[in-house]
Amino acid sequence: MNGLMMDTKLSITAIMEHAERVNGTAEIVSVTRDNPRHRYNYREAFARTRQLANAIARWSLAQGDRIATLAWNDYRHFETYYAAACSGYVCHTINPRLFPEQITYIINHAQDRYVFLDPDFVPLVEGLAGECPGVQGWVVLTTQEHMPRSNLPNLICYESLLAGESDEFTWPELDENAACALCYTSGTTGNPKGVMYSHRSTILHAYGSMMPDAMGVSHRDTILPIVPMFHVNAWGVPYSAPMAGARLVFPGNKMGDGETLATLINEEGVTLSAGVPTVWLSLLAYLKSSGNRVDSLQRVIVGGAACPLSVMEDFDTYGVETRVGWGMTEMSPLGTVNTSPSSRERYSDEDFARIRLKAGRPIFGVEMKIVDDQGNEQPWDGEAFGSLKVRGPWICSSYFKLEDSDAHAEAGWFETGDVATIDPDGFMAITDRTKDVIKSGGEWISSIEVENVATDHPKVAEAAVIGHYHPKWSERPLLIVVRGPEGQDLTAEEMLAWFEGKIARWWTPEAVQFVDELPHTATGKIQKVTLREMFKDYQFPE
Ligand code: AMP
């Protein structure tokens with residue numbers, strides 16, 4: 001017997017309509033090239049979204065066609081998200097920090113019909129437009145007055161496109177499984193692969209991410225998504241914020257600079273923010289050196305890479321709660337979140353620090369398991385390592401245009417490529433990427449744990465560990481360190497002594513090498529493939 005409940009569709013259009021009616025006066029603040037503080041509210045945002053939908057409707061696109069963006073976090077990008085998806089097209093967000101060849105590949109692979117770009121990226125597009133014959137127009141997200149000079153054919157001004165369009169538009173009825181957004185993952189090898197989100201997966205992910213023990217999004221919040229809208233839809237904030245009616249602050253291209261972020265947080269009363277560890281390192285460095293504070297800020301979501309303990313402890317001193325999140329582009333992205341335990345008193349300082357470093361517990365909707373090389377499930381005892389697999393309604397089942405390829409070794413489960421432990425309380429800890437695992441004398445060493453200890457050293461700015469050939473142990477960990485501003489005198493001996501008593505002796509790196517900077521991917525992750533290449537001729541001392 002079926003239940004007798006309505007089957008209304010889960011669509012992004014519903015978020016827009018809800019936000020406009022219920023949260024219409026909540027403000028969206030944006031930093032853009034043409035306005036350091038643009039302000040309007042959800043009602044005005046969605047009226048302009050309908051103007052944009054009317055303009056796009058003249059382009060005679062087919063349902064499911066891709067409209068791409070190469071843009072920072074701001075209100076015009078937000079309008080493009082909604083106008084494209086709710087008209088039945090797919091908003092394909094492209095990471096402008098990728099190599100131009102990768103961007104060209106992605107545009108052509110996705111068959112993008114139009115590209116909406118920030119004025120900052122006009123020079124980038126000038127270099128690749130000739131190789132993207134399928135793109136019919138390049139829409140610059142600015143006013144006529146601020147249009148950059150360019151010889152690009154089919155350059156369209158965003159504000160001119162909207163001007164004169166009606167703000168009435170009848171949104172089409174969409175199937176909840178229809179595609180709404182596309183994001184390519186920038187793997188370190190091979191071509192990037194496209195993850196195609198649906199209206200349904202996006203809504204369910206937004207619900208999940210808003211829960212109190214996840215990001216905890218409320219209409220009382222002012223949210224600053226520093227994580228870019230081109231990186232997994234800014235972790236869903238452009239959907240969860242209007243669902244809740246939270247005030248939004250979009251930082252534009254001012255994402256990496258600590259001083260600008262602190263100013264934005266203080267002037268706009270930001271309560272919740274989300275970003276990768278690097279961003280917080282620069283904010284905290286600025287706060288320390290300036291004596292400034294961020295008193296309105298209640299919590300930060302840190303994800304995309306392991307978060308050093310020092311970041312959490314520094315945030316503690318400012319009264320800011322750090323929540324580590326783990327996820328992937330393929331997971332929309334949220335899988336687990338680490339919220340502080342309900343009773344801090346139960347833990348010794350050491351145990352508390354250990355638990356905080358974990359990636360957290362799965363949000364309802366995400367199932368996970370760890371398996372060994374033979375596919376045998378491993379126990380949740382916090383000790384056994386295994387390849388992490390996940391499944392759930394916001395996890396990708398196959399990649400775009402690779403639907404027939406064997407994406408998953410085991411049907412129904414997504415292979416994350418991460419190696420993890422899970423403890424009896426469901427706290428998962430990432431110990432490595434499958435391909436970065438260090439095997440010393442046949443035993444696994446967690447490079448992430450070693451890196452965590454290294455980055456806690458006050459003289460270390462950044463650190464990475466790679467497995468390197470060793471004649472006796474086949475591989476030993478080699479630690480590569482960028483010294484911090486006050487750590488120019490840091491020696492290898494001092495660095496290695498730091499590990500004593502903090503990790504198993506045989507996990508301690510065999511040697512240390514100092515570099516000026518580490519190579520990073522376009523999404524800010526350390527590029528271990530490049531590091532291994534850089535140190536391929538290195539020999540451990542006898
Ligand atoms: P992306 O698809 O670019 O978001 O990258 C996903 C990958 O980033 C994951 O598979 C992890 O390897 C890594 N990652 C994300 N969050 C964390 C975290 N909290 N701790 C450690 N690694 C993480």
# chains A, B, ... in the order shown; residues from 1 in each chain; ligands from 1
>>> residues_around(residues="segment 388-392 of chain A", least_positions_apart="3", cutoff="12 Å", atoms="only C-alpha atoms", output="PDB file with N, CA and C atoms, in the first residue's frame")
ATOM      1  N   SER A 201      19.085  15.992  -6.228  1.00  0.00           N
ATOM      2  CA  SER A 201      20.286  15.792  -5.397  1.00  0.00           C
ATOM      3  C   SER A 201      20.682  17.111  -4.738  1.00  0.00           C
ATOM      4  N   LEU A 204      18.279  17.790  -1.752  1.00  0.00           N
ATOM      5  CA  LEU A 204      18.537  16.888  -0.624  1.00  0.00           C
ATOM      6  C   LEU A 204      19.859  17.236   0.052  1.00  0.00           C
ATOM      7  N   HIS A 205      20.871  17.565  -0.753  1.00  0.00           N
ATOM      8  CA  HIS A 205      22.158  17.964  -0.178  1.00  0.00           C
ATOM      9  C   HIS A 205      22.001  19.253   0.635  1.00  0.00           C
ATOM     10  N   GLY A 208      20.449  18.416   3.897  1.00  0.00           N
ATOM     11  CA  GLY A 208      21.424  17.741   4.764  1.00  0.00           C
ATOM     12  C   GLY A 208      22.454  18.715   5.327  1.00  0.00           C
ATOM     13  N   GLY A 327      34.417  15.958   2.058  1.00  0.00           N
ATOM     14  CA  GLY A 327      33.538  15.629   0.948  1.00  0.00           C
ATOM     15  C   GLY A 327      34.301  15.691  -0.356  1.00  0.00           C
ATOM     16  N   MET A 328      33.570  15.597  -1.431  1.00  0.00           N
ATOM     17  CA  MET A 328      34.189  15.584  -2.751  1.00  0.00           C
ATOM     18  C   MET A 328      33.243  16.243  -3.749  1.00  0.00           C
ATOM     19  N   GLU A 330      32.259  14.906  -6.257  1.00  0.00           N
ATOM     20  CA  GLU A 330      31.326  13.817  -6.595  1.00  0.00           C
ATOM     21  C   GLU A 330      30.243  13.636  -5.536  1.00  0.00           C
ATOM     22  N   MET A 331      30.377  14.332  -4.389  1.00  0.00           N
ATOM     23  CA  MET A 331      29.425  14.158  -3.286  1.00  0.00           C
ATOM     24  C   MET A 331      28.672  15.451  -2.975  1.00  0.00           C
ATOM     25  N   SER A 332      28.710  16.379  -3.870  1.00  0.00           N
ATOM     26  CA  SER A 332      27.903  17.620  -3.845  1.00  0.00           C
ATOM     27  C   SER A 332      28.265  18.748  -2.881  1.00  0.00           C
ATOM     28  N   PRO A 333      29.173  18.783  -1.998  1.00  0.00           N
ATOM     29  CA  PRO A 333      30.246  17.847  -1.694  1.00  0.00           C
ATOM     30  C   PRO A 333      30.150  17.193  -0.313  1.00  0.00           C
ATOM     31  N   LEU A 334      29.185  17.570   0.533  1.00  0.00           N
ATOM     32  CA  LEU A 334      29.341  17.199   1.950  1.00  0.00           C
ATOM     33  C   LEU A 334      29.071  15.736   2.258  1.00  0.00           C
ATOM     34  N   GLY A 335      30.023  15.109   2.964  1.00  0.00           N
ATOM     35  CA  GLY A 335      29.867  13.725   3.392  1.00  0.00           C
ATOM     36  C   GLY A 335      29.841  13.628   4.906  1.00  0.00           C
ATOM     37  N   THR A 336      30.868  14.211   5.547  1.00  0.00           N
ATOM     38  CA  THR A 336      30.935  14.167   7.006  1.00  0.00           C
ATOM     39  C   THR A 336      31.235  15.561   7.540  1.00  0.00           C
ATOM     40  N   PRO A 362      29.177  10.952   9.348  1.00  0.00           N
ATOM     41  CA  PRO A 362      28.394  11.173   8.124  1.00  0.00           C
ATOM     42  C   PRO A 362      27.073  11.879   8.414  1.00  0.00           C
ATOM     43  N   ILE A 363      26.706  12.753   7.515  1.00  0.00           N
ATOM     44  CA  ILE A 363      25.395  13.399   7.577  1.00  0.00           C
ATOM     45  C   ILE A 363      24.374  12.338   7.193  1.00  0.00           C
ATOM     46  N   PHE A 364      23.195  12.351   7.799  1.00  0.00           N
ATOM     47  CA  PHE A 364      22.171  11.395   7.388  1.00  0.00           C
ATOM     48  C   PHE A 364      21.938  11.532   5.877  1.00  0.00           C
ATOM     49  N   GLY A 365      21.985  10.401   5.183  1.00  0.00           N
ATOM     50  CA  GLY A 365      21.881  10.429   3.723  1.00  0.00           C
ATOM     51  C   GLY A 365      23.163   9.905   3.092  1.00  0.00           C
ATOM     52  N   VAL A 366      24.257   9.956   3.860  1.00  0.00           N
ATOM     53  CA  VAL A 366      25.525   9.440   3.344  1.00  0.00           C
ATOM     54  C   VAL A 366      25.884   8.172   4.115  1.00  0.00           C
ATOM     55  N   GLU A 367      26.009   7.075   3.385  1.00  0.00           N
ATOM     56  CA  GLU A 367      26.457   5.815   4.000  1.00  0.00           C
ATOM     57  C   GLU A 367      27.917   5.624   3.639  1.00  0.00           C
ATOM     58  N   MET A 368      28.686   5.054   4.536  1.00  0.00           N
ATOM     59  CA  MET A 368      30.085   4.815   4.199  1.00  0.00           C
ATOM     60  C   MET A 368      30.567   3.469   4.720  1.00  0.00           C
ATOM     61  N   LYS A 369      31.638   2.972   4.077  1.00  0.00           N
ATOM     62  CA  LYS A 369      32.300   1.758   4.571  1.00  0.00           C
ATOM     63  C   LYS A 369      33.759   1.797   4.132  1.00  0.00           C
ATOM     64  N   ILE A 370      34.589   1.017   4.845  1.00  0.00           N
ATOM     65  CA  ILE A 370      35.996   0.914   4.448  1.00  0.00           C
ATOM     66  C   ILE A 370      36.286  -0.546   4.104  1.00  0.00           C
ATOM     67  N   VAL A 371      37.072  -0.746   3.041  1.00  0.00           N
ATOM     68  CA  VAL A 371      37.374  -2.116   2.599  1.00  0.00           C
ATOM     69  C   VAL A 371      38.876  -2.268   2.370  1.00  0.00           C
ATOM     70  N   ASP A 372      39.363  -3.506   2.520  1.00  0.00           N
ATOM     71  CA  ASP A 372      40.787  -3.756   2.252  1.00  0.00           C
ATOM     72  C   ASP A 372      40.995  -4.036   0.761  1.00  0.00           C
ATOM     73  N   ASP A 373      42.224  -4.392   0.381  1.00  0.00           N
ATOM     74  CA  ASP A 373      42.555  -4.584  -1.041  1.00  0.00           C
ATOM     75  C   ASP A 373      41.700  -5.658  -1.698  1.00  0.00           C
ATOM     76  N   GLY A 375      38.584  -6.153  -0.983  1.00  0.00           N
ATOM     77  CA  GLY A 375      37.178  -5.736  -0.927  1.00  0.00           C
ATOM     78  C   GLY A 375      36.471  -6.166   0.356  1.00  0.00           C
ATOM     79  N   ASN A 376      37.216  -6.709   1.331  1.00  0.00           N
ATOM     80  CA  ASN A 376      36.591  -7.114   2.596  1.00  0.00           C
ATOM     81  C   ASN A 376      36.350  -5.899   3.481  1.00  0.00           C
ATOM     82  N   GLU A 377      35.119  -5.814   4.000  1.00  0.00           N
ATOM     83  CA  GLU A 377      34.796  -4.678   4.844  1.00  0.00           C
ATOM     84  C   GLU A 377      35.619  -4.700   6.127  1.00  0.00           C
ATOM     85  N   GLN A 378      36.107  -3.554   6.529  1.00  0.00           N
ATOM     86  CA  GLN A 378      36.948  -3.439   7.723  1.00  0.00           C
ATOM     87  C   GLN A 378      36.117  -2.945   8.913  1.00  0.00           C
ATOM     88  N   TRP A 380      34.784  -0.907  12.250  1.00  0.00           N
ATOM     89  CA  TRP A 380      34.768   0.485  12.700  1.00  0.00           C
ATOM     90  C   TRP A 380      35.385   0.512  14.097  1.00  0.00           C
ATOM     91  N   ALA A 384      41.595   0.105  12.010  1.00  0.00           N
ATOM     92  CA  ALA A 384      41.731  -0.526  10.692  1.00  0.00           C
ATOM     93  C   ALA A 384      41.598   0.516   9.587  1.00  0.00           C
ATOM     94  N   PHE A 385      42.554   0.470   8.653  1.00  0.00           N
ATOM     95  CA  PHE A 385      42.521   1.367   7.491  1.00  0.00           C
ATOM     96  C   PHE A 385      41.771   0.681   6.356  1.00  0.00           C
ATOM     97  N   ILE A 395      25.274  11.587  -4.213  1.00  0.00           N
ATOM     98  CA  ILE A 395      26.594  11.097  -4.622  1.00  0.00           C
ATOM     99  C   ILE A 395      26.521  10.620  -6.061  1.00  0.00           C
ATOM    100  N   CYS A 396      27.544  10.943  -6.831  1.00  0.00           N
ATOM    101  CA  CYS A 396      27.473  10.717  -8.284  1.00  0.00           C
ATOM    102  C   CYS A 396      27.490   9.220  -8.623  1.00  0.00           C
ATOM    103  N   SER A 397      26.648   8.839  -9.596  1.00  0.00           N
ATOM    104  CA  SER A 397      26.585   7.428  -9.980  1.00  0.00           C
ATOM    105  C   SER A 397      27.521   7.150 -11.151  1.00  0.00           C
ATOM    106  N   HIS A 408      32.766   2.457 -11.186  1.00  0.00           N
ATOM    107  CA  HIS A 408      32.866   1.912  -9.834  1.00  0.00           C
ATOM    108  C   HIS A 408      33.140   0.422  -9.888  1.00  0.00           C
ATOM    109  N   ALA A 409      34.136   0.019  -9.117  1.00  0.00           N
ATOM    110  CA  ALA A 409      34.454  -1.402  -9.086  1.00  0.00           C
ATOM    111  C   ALA A 409      33.295  -2.184  -8.472  1.00  0.00           C
ATOM    112  N   GLU A 410      32.628  -1.592  -7.493  1.00  0.00           N
ATOM    113  CA  GLU A 410      31.511  -2.282  -6.846  1.00  0.00           C
ATOM    114  C   GLU A 410      30.230  -1.510  -7.115  1.00  0.00           C
ATOM    115  N   ALA A 411      29.261  -2.177  -7.723  1.00  0.00           N
ATOM    116  CA  ALA A 411      28.023  -1.493  -8.116  1.00  0.00           C
ATOM    117  C   ALA A 411      27.361  -0.863  -6.895  1.00  0.00           C
ATOM    118  N   GLY A 412      26.879   0.358  -7.093  1.00  0.00           N
ATOM    119  CA  GLY A 412      26.120   1.005  -6.028  1.00  0.00           C
ATOM    120  C   GLY A 412      26.951   1.737  -4.991  1.00  0.00           C
ATOM    121  N   TRP A 413      28.259   1.623  -5.057  1.00  0.00           N
ATOM    122  CA  TRP A 413      29.133   2.341  -4.110  1.00  0.00           C
ATOM    123  C   TRP A 413      30.099   3.201  -4.903  1.00  0.00           C
ATOM    124  N   PHE A 414      30.378   4.381  -4.400  1.00  0.00           N
ATOM    125  CA  PHE A 414      31.344   5.265  -5.046  1.00  0.00           C
ATOM    126  C   PHE A 414      32.690   5.147  -4.335  1.00  0.00           C
ATOM    127  N   GLU A 415      33.733   4.898  -5.116  1.00  0.00           N
ATOM    128  CA  GLU A 415      35.086   4.784  -4.564  1.00  0.00           C
ATOM    129  C   GLU A 415      35.646   6.190  -4.397  1.00  0.00           C
ATOM    130  N   THR A 416      35.880   6.601  -3.182  1.00  0.00           N
ATOM    131  CA  THR A 416      36.300   7.988  -2.973  1.00  0.00           C
ATOM    132  C   THR A 416      37.767   8.216  -3.346  1.00  0.00           C
ATOM    133  N   GLY A 417      38.562   7.134  -3.331  1.00  0.00           N
ATOM    134  CA  GLY A 417      40.004   7.322  -3.562  1.00  0.00           C
ATOM    135  C   GLY A 417      40.704   7.762  -2.282  1.00  0.00           C
ATOM    136  N   ASP A 418      39.955   7.826  -1.173  1.00  0.00           N
ATOM    137  CA  ASP A 418      40.554   8.159   0.117  1.00  0.00           C
ATOM    138  C   ASP A 418      40.737   6.891   0.930  1.00  0.00           C
ATOM    139  N   VAL A 419      41.745   6.910   1.780  1.00  0.00           N
ATOM    140  CA  VAL A 419      41.946   5.821   2.731  1.00  0.00           C
ATOM    141  C   VAL A 419      41.568   6.372   4.100  1.00  0.00           C
ATOM    142  N   ALA A 420      40.810   5.567   4.867  1.00  0.00           N
ATOM    143  CA  ALA A 420      40.278   6.121   6.107  1.00  0.00           C
ATOM    144  C   ALA A 420      40.175   5.072   7.197  1.00  0.00           C
ATOM    145  N   THR A 421      40.016   5.559   8.439  1.00  0.00           N
ATOM    146  CA  THR A 421      39.598   4.718   9.560  1.00  0.00           C
ATOM    147  C   THR A 421      38.235   5.251   9.999  1.00  0.00           C
ATOM    148  N   ILE A 422      37.443   4.383  10.626  1.00  0.00           N
ATOM    149  CA  ILE A 422      36.169   4.850  11.202  1.00  0.00           C
ATOM    150  C   ILE A 422      36.109   4.291  12.625  1.00  0.00           C
ATOM    151  N   MET A 428      34.944   9.380  11.140  1.00  0.00           N
ATOM    152  CA  MET A 428      35.832   8.929  10.077  1.00  0.00           C
ATOM    153  C   MET A 428      37.074   9.828  10.072  1.00  0.00           C
ATOM    154  N   ALA A 429      38.226   9.239   9.830  1.00  0.00           N
ATOM    155  CA  ALA A 429      39.453  10.037   9.712  1.00  0.00           C
ATOM    156  C   ALA A 429      40.121   9.662   8.402  1.00  0.00           C
ATOM    157  N   ILE A 430      40.412  10.671   7.592  1.00  0.00           N
ATOM    158  CA  ILE A 430      41.123  10.421   6.336  1.00  0.00           C
ATOM    159  C   ILE A 430      42.596  10.282   6.675  1.00  0.00           C
ATOM    160  N   THR A 431      43.195   9.190   6.214  1.00  0.00           N
ATOM    161  CA  THR A 431      44.618   9.039   6.488  1.00  0.00           C
ATOM    162  C   THR A 431      45.437   9.307   5.226  1.00  0.00           C
ATOM    163  N   ASP A 432      44.817   9.186   4.086  1.00  0.00           N
ATOM    164  CA  ASP A 432      45.547   9.370   2.835  1.00  0.00           C
ATOM    165  C   ASP A 432      44.631   9.383   1.625  1.00  0.00           C
ATOM    166  N   ARG A 433      45.225   9.755   0.488  1.00  0.00           N
ATOM    167  CA  ARG A 433      44.616   9.431  -0.800  1.00  0.00           C
ATOM    168  C   ARG A 433      45.177   8.062  -1.175  1.00  0.00           C
ATOM    169  N   THR A 434      44.373   7.221  -1.817  1.00  0.00           N
ATOM    170  CA  THR A 434      44.841   5.875  -2.181  1.00  0.00           C
ATOM    171  C   THR A 434      46.187   5.957  -2.888  1.00  0.00           C
TER     172      THR A 434
END
>>> residues_around(residues="segment 321-325 of chain A", least_positions_apart="2", cutoff="10 Å", atoms="only C-alpha atoms", output="PDB file with C-alpha atoms, in the first residue's frame")
ATOM      1  CA  ASP A 213      25.312  19.174  13.305  1.00  0.00           C
ATOM      2  CA  ALA A 214      26.334  19.860   9.721  1.00  0.00           C
ATOM      3  CA  MET A 215      26.757  23.521   8.729  1.00  0.00           C
ATOM      4  CA  LEU A 272      29.241  31.660   9.489  1.00  0.00           C
ATOM      5  CA  SER A 273      31.872  31.146   6.820  1.00  0.00           C
ATOM      6  CA  ALA A 274      33.221  28.271   4.767  1.00  0.00           C
ATOM      7  CA  GLY A 275      36.546  27.719   3.030  1.00  0.00           C
ATOM      8  CA  VAL A 276      39.693  25.629   2.605  1.00  0.00           C
ATOM      9  CA  PRO A 277      42.431  25.648   5.297  1.00  0.00           C
ATOM     10  CA  LEU A 297      32.023  35.135  13.604  1.00  0.00           C
ATOM     11  CA  GLN A 298      30.547  32.083  15.381  1.00  0.00           C
ATOM     12  CA  ARG A 299      31.716  29.164  13.268  1.00  0.00           C
ATOM     13  CA  VAL A 300      33.758  28.267  10.230  1.00  0.00           C
ATOM     14  CA  ILE A 301      33.417  25.178   8.048  1.00  0.00           C
ATOM     15  CA  VAL A 302      36.838  23.959   6.938  1.00  0.00           C
ATOM     16  CA  GLY A 303      37.087  21.391   4.181  1.00  0.00           C
ATOM     17  CA  GLY A 304      38.725  20.418   0.935  1.00  0.00           C
ATOM     18  CA  ALA A 305      41.906  19.324   2.727  1.00  0.00           C
ATOM     19  CA  ALA A 306      42.978  18.305   6.214  1.00  0.00           C
ATOM     20  CA  CYS A 307      42.730  21.156   8.723  1.00  0.00           C
ATOM     21  CA  LEU A 309      45.067  21.575  14.701  1.00  0.00           C
ATOM     22  CA  VAL A 311      43.999  26.517  12.934  1.00  0.00           C
ATOM     23  CA  MET A 312      41.321  25.142  15.275  1.00  0.00           C
ATOM     24  CA  GLU A 313      43.203  26.189  18.396  1.00  0.00           C
ATOM     25  CA  ASP A 314      43.808  29.676  17.046  1.00  0.00           C
ATOM     26  CA  PHE A 315      40.112  30.000  16.237  1.00  0.00           C
ATOM     27  CA  ASP A 316      39.337  28.852  19.812  1.00  0.00           C
ATOM     28  CA  THR A 317      41.167  31.898  21.126  1.00  0.00           C
ATOM     29  CA  TYR A 318      38.875  34.142  19.063  1.00  0.00           C
ATOM     30  CA  GLY A 319      35.749  32.291  20.261  1.00  0.00           C
ATOM     31  CA  GLY A 327      33.538  15.629   0.948  1.00  0.00           C
ATOM     32  CA  PRO A 333      30.246  17.847  -1.694  1.00  0.00           C
ATOM     33  CA  LEU A 334      29.341  17.199   1.950  1.00  0.00           C
ATOM     34  CA  GLY A 335      29.867  13.725   3.392  1.00  0.00           C
ATOM     35  CA  THR A 336      30.935  14.167   7.006  1.00  0.00           C
ATOM     36  CA  VAL A 337      31.173  17.052   9.454  1.00  0.00           C
ATOM     37  CA  ASN A 338      33.019  17.159  12.745  1.00  0.00           C
ATOM     38  CA  THR A 339      31.070  19.154  15.325  1.00  0.00           C
ATOM     39  CA  SER A 340      32.442  19.523  18.814  1.00  0.00           C
ATOM     40  CA  ARG A 356      38.905  17.228  16.371  1.00  0.00           C
ATOM     41  CA  LEU A 357      41.390  16.229  13.693  1.00  0.00           C
ATOM     42  CA  LYS A 358      39.030  13.610  12.288  1.00  0.00           C
ATOM     43  CA  ALA A 359      36.856  14.332   9.282  1.00  0.00           C
ATOM     44  CA  GLY A 360      33.691  13.801  11.341  1.00  0.00           C
ATOM     45  CA  ARG A 361      30.536  11.765  11.209  1.00  0.00           C
ATOM     46  CA  PRO A 362      28.394  11.173   8.124  1.00  0.00           C
TER      47      PRO A 362
END
>>> residues_around(residues="Gln51 of chain A", least_positions_apart="2", cutoff="7 Å", atoms="only C-alpha atoms", output="list in words")
Ala47, Arg48, Thr49, Ala53, Asn54, Ala55, Leu162, Glu165, Ser166 and Asp167 of chain A
>>> residues_around(residues="segment 136-151 of chain A", least_positions_apart="3", cutoff="6 Å", atoms="only C-alpha atoms", output="MDAnalysis selection string")
chainID A and resid 113:119 154:159
>>> closest_residue(among="A:Pro485, A:Pro192, A:Gly245, A:Pro133", to="ligand 1", atoms="only C-alpha atoms and all ligand atoms")
A:Pro192
>>> select_by_dssp(residues="segment 402-541 of chain A", states="alpha helix (DSSP H)", output="number ranges by chain")
A: 447-455, 492-497, 528-534
>>> select_by_dssp(residues="segment 157-228 of chain A", states="strand (DSSP E)", output="number ranges by chain")
A: 157, 179-185, 193-198, 222-225
>>> atom_distance(atom1="atom CA of Glu486 of chain A", atom2="atom CA of Lys459 of chain A")
6.0 Å
